[in-house]
>>> print(open('target_35.cif').read())   # mmCIF, C-alpha atoms
data_model
#
loop_
_atom_site.label_atom_id
_atom_site.label_comp_id
_atom_site.auth_asym_id
_atom_site.auth_seq_id
_atom_site.Cartn_x
_atom_site.Cartn_y
_atom_site.Cartn_z
CA MET A 1 128.43 121.88 99.11
CA SER A 2 126.29 120.19 101.71
CA ASP A 3 125.06 121.82 104.92
CA ARG A 4 124.82 119.75 108.07
CA LEU A 5 121.29 119.44 109.41
CA SER A 6 120.36 119.31 113.04
CA VAL A 7 118.46 116.23 114.20
CA ALA A 8 115.24 118.27 114.25
CA GLU A 9 115.87 119.52 110.70
CA ALA A 10 116.64 116.00 109.47
CA LEU A 11 113.45 114.67 111.03
CA ALA A 12 111.42 117.51 109.52
CA LYS A 13 112.90 116.78 106.08
CA ALA A 14 112.17 113.06 106.48
CA GLU A 15 108.58 113.88 107.39
CA GLN A 16 108.30 116.18 104.36
CA ILE A 17 109.57 113.37 102.12
CA GLU A 18 107.22 110.83 103.70
CA LEU A 19 104.19 113.10 103.27
CA MET A 20 104.95 113.91 99.63
CA LEU A 21 105.59 110.30 98.66
CA GLY A 22 102.42 109.30 100.49
CA ALA A 23 100.41 111.93 98.64
CA ILE A 24 101.74 110.80 95.27
CA GLU A 25 101.12 107.14 96.08
CA GLY A 26 97.66 107.98 97.41
CA THR A 27 96.59 109.66 94.18
CA ALA A 28 98.08 107.13 91.75
CA PRO A 29 98.83 103.87 93.58
CA GLU A 30 98.72 101.70 90.46
CA ALA A 31 101.19 103.93 88.60
CA VAL A 32 103.52 103.95 91.62
CA ALA A 33 103.27 100.15 91.86
CA ALA A 34 104.06 99.86 88.13
CA MET A 35 107.20 101.94 88.71
CA GLY A 36 108.36 99.48 91.34
CA GLY A 37 106.71 100.92 94.43
CA ARG A 38 107.32 103.77 96.78
CA ASP A 39 111.06 103.14 97.15
CA ALA A 40 111.50 103.23 93.37
CA LEU A 41 109.49 106.46 93.27
CA ALA A 42 111.78 107.96 95.92
CA ARG A 43 114.88 106.98 93.91
CA ARG A 44 113.43 108.73 90.85
CA SER A 45 112.69 111.89 92.80
CA GLU A 46 114.62 115.10 93.14
CA MET A 47 114.31 117.25 96.25
CA THR A 48 112.65 120.61 95.77
CA CYS A 49 111.30 123.17 98.23
CA LEU A 50 108.01 121.21 98.12
CA GLY A 51 109.62 117.87 98.81
CA PRO A 52 110.59 115.08 96.44
CA VAL A 53 109.31 115.49 92.89
CA PRO A 54 109.64 112.47 90.60
CA ARG A 55 111.71 112.84 87.45
CA LEU A 56 109.39 111.10 85.02
CA ASP A 57 108.86 111.17 81.30
CA ALA A 58 105.64 112.57 79.85
CA ASP A 59 104.07 109.11 79.44
CA LYS A 60 104.49 108.27 83.14
CA TRP A 61 103.17 111.67 84.23
CA GLU A 62 100.19 111.19 81.93
CA ARG A 63 99.52 107.71 83.35
CA MET A 64 99.61 109.11 86.90
CA SER A 65 97.37 112.01 85.93
CA LEU A 66 94.83 109.76 84.23
CA GLU A 67 94.74 107.44 87.23
CA TYR A 68 94.24 110.39 89.57
CA GLU A 69 91.42 111.77 87.42
CA ALA A 70 89.72 108.38 87.19
CA ARG A 71 89.91 107.90 90.96
CA ARG A 72 88.66 111.44 91.58
CA GLU A 73 85.79 110.97 89.13
CA HIS A 74 84.68 107.86 90.96
CA GLY A 75 85.04 109.37 94.42
CA SER A 76 88.16 107.46 95.44
CA VAL A 77 90.19 110.62 96.07
CA ASN A 78 89.01 113.11 98.66
CA ARG A 79 89.35 116.63 97.35
CA GLY A 80 88.44 118.22 100.66
CA HIS A 81 84.66 118.31 100.12
#
>>> encode(input="target_35.cif", output="structure tokens")
Amino acid sequence: MSDRLSVAEALAKAEQIELMLGAIEGTAPEAVAAMGGRDALARRSEMTCLGPVPRLDADKWERMSLEYEARREHGSVNRGH
């Protein structure tokens, strides 16, 4: 069963999706590119209360995690400091 969203709710949901995909792409851009880009990432994602969460196998999650850690280690990812 699907509820109808108001325009404001639909825009808020679209913004939530955009922010989450941007955050994922920002932390592991090479892994996202290897998956086929942001649109491919969106197609692999399932909506949760946090926004879209990619359905990935352990190898892809590990690749994304390693890329994030490497970027963080070298100062490419701002951790709020």
>>> residues_around(input="target_35.cif", residues="segment 6-21 of chain A", least_positions_apart="4", cutoff="9 Å", atoms="all atoms listed in the file", output="PyMOL selection string")
chain A and resi 25-26+38+41-42+47+50-53
>>> write_last_selection(input="target_35.cif", atoms="C-alpha atoms", output="PDB file, in the coordinates of the input")
ATOM      1  CA  GLU A  25     101.120 107.140  96.080  1.00  0.00           C
ATOM      2  CA  GLY A  26      97.660 107.980  97.410  1.00  0.00           C
ATOM      3  CA  ARG A  38     107.320 103.770  96.780  1.00  0.00           C
ATOM      4  CA  LEU A  41     109.490 106.460  93.270  1.00  0.00           C
ATOM      5  CA  ALA A  42     111.780 107.960  95.920  1.00  0.00           C
ATOM      6  CA  MET A  47     114.310 117.250  96.250  1.00  0.00           C
ATOM      7  CA  LEU A  50     108.010 121.210  98.120  1.00  0.00           C
ATOM      8  CA  GLY A  51     109.620 117.870  98.810  1.00  0.00           C
ATOM      9  CA  PRO A  52     110.590 115.080  96.440  1.00  0.00           C
ATOM     10  CA  VAL A  53     109.310 115.490  92.890  1.00  0.00           C
TER      11      VAL A  53
END
>>> resolve_selection(input="target_35.cif", expression="the PyMOL selection byres ((chain A and resi 55) around 6)", output="PyMOL selection string")
chain A and resi 44-45+54+56
>>> atom_distance(input="target_35.cif", atom1="atom CA of Glu30 of chain A", atom2="atom CA of His74 of chain A")
15.3 Å
>>> closest_residue(input="target_35.cif", among="A:Cys49, A:Ala28, A:Met35, A:Ala40", to="Glu69 of chain A", atoms="only C-alpha atoms")
A:Ala28
>>> axis_aligned_box(input="target_35.cif", around="segment 18-36 of chain A", padding_each_side="5 Å", output="JSON")
{"center_x": 102.5, "center_y": 106.7, "center_z": 95.9, "size_x": 21.8, "size_y": 24.4, "size_z": 25.6}
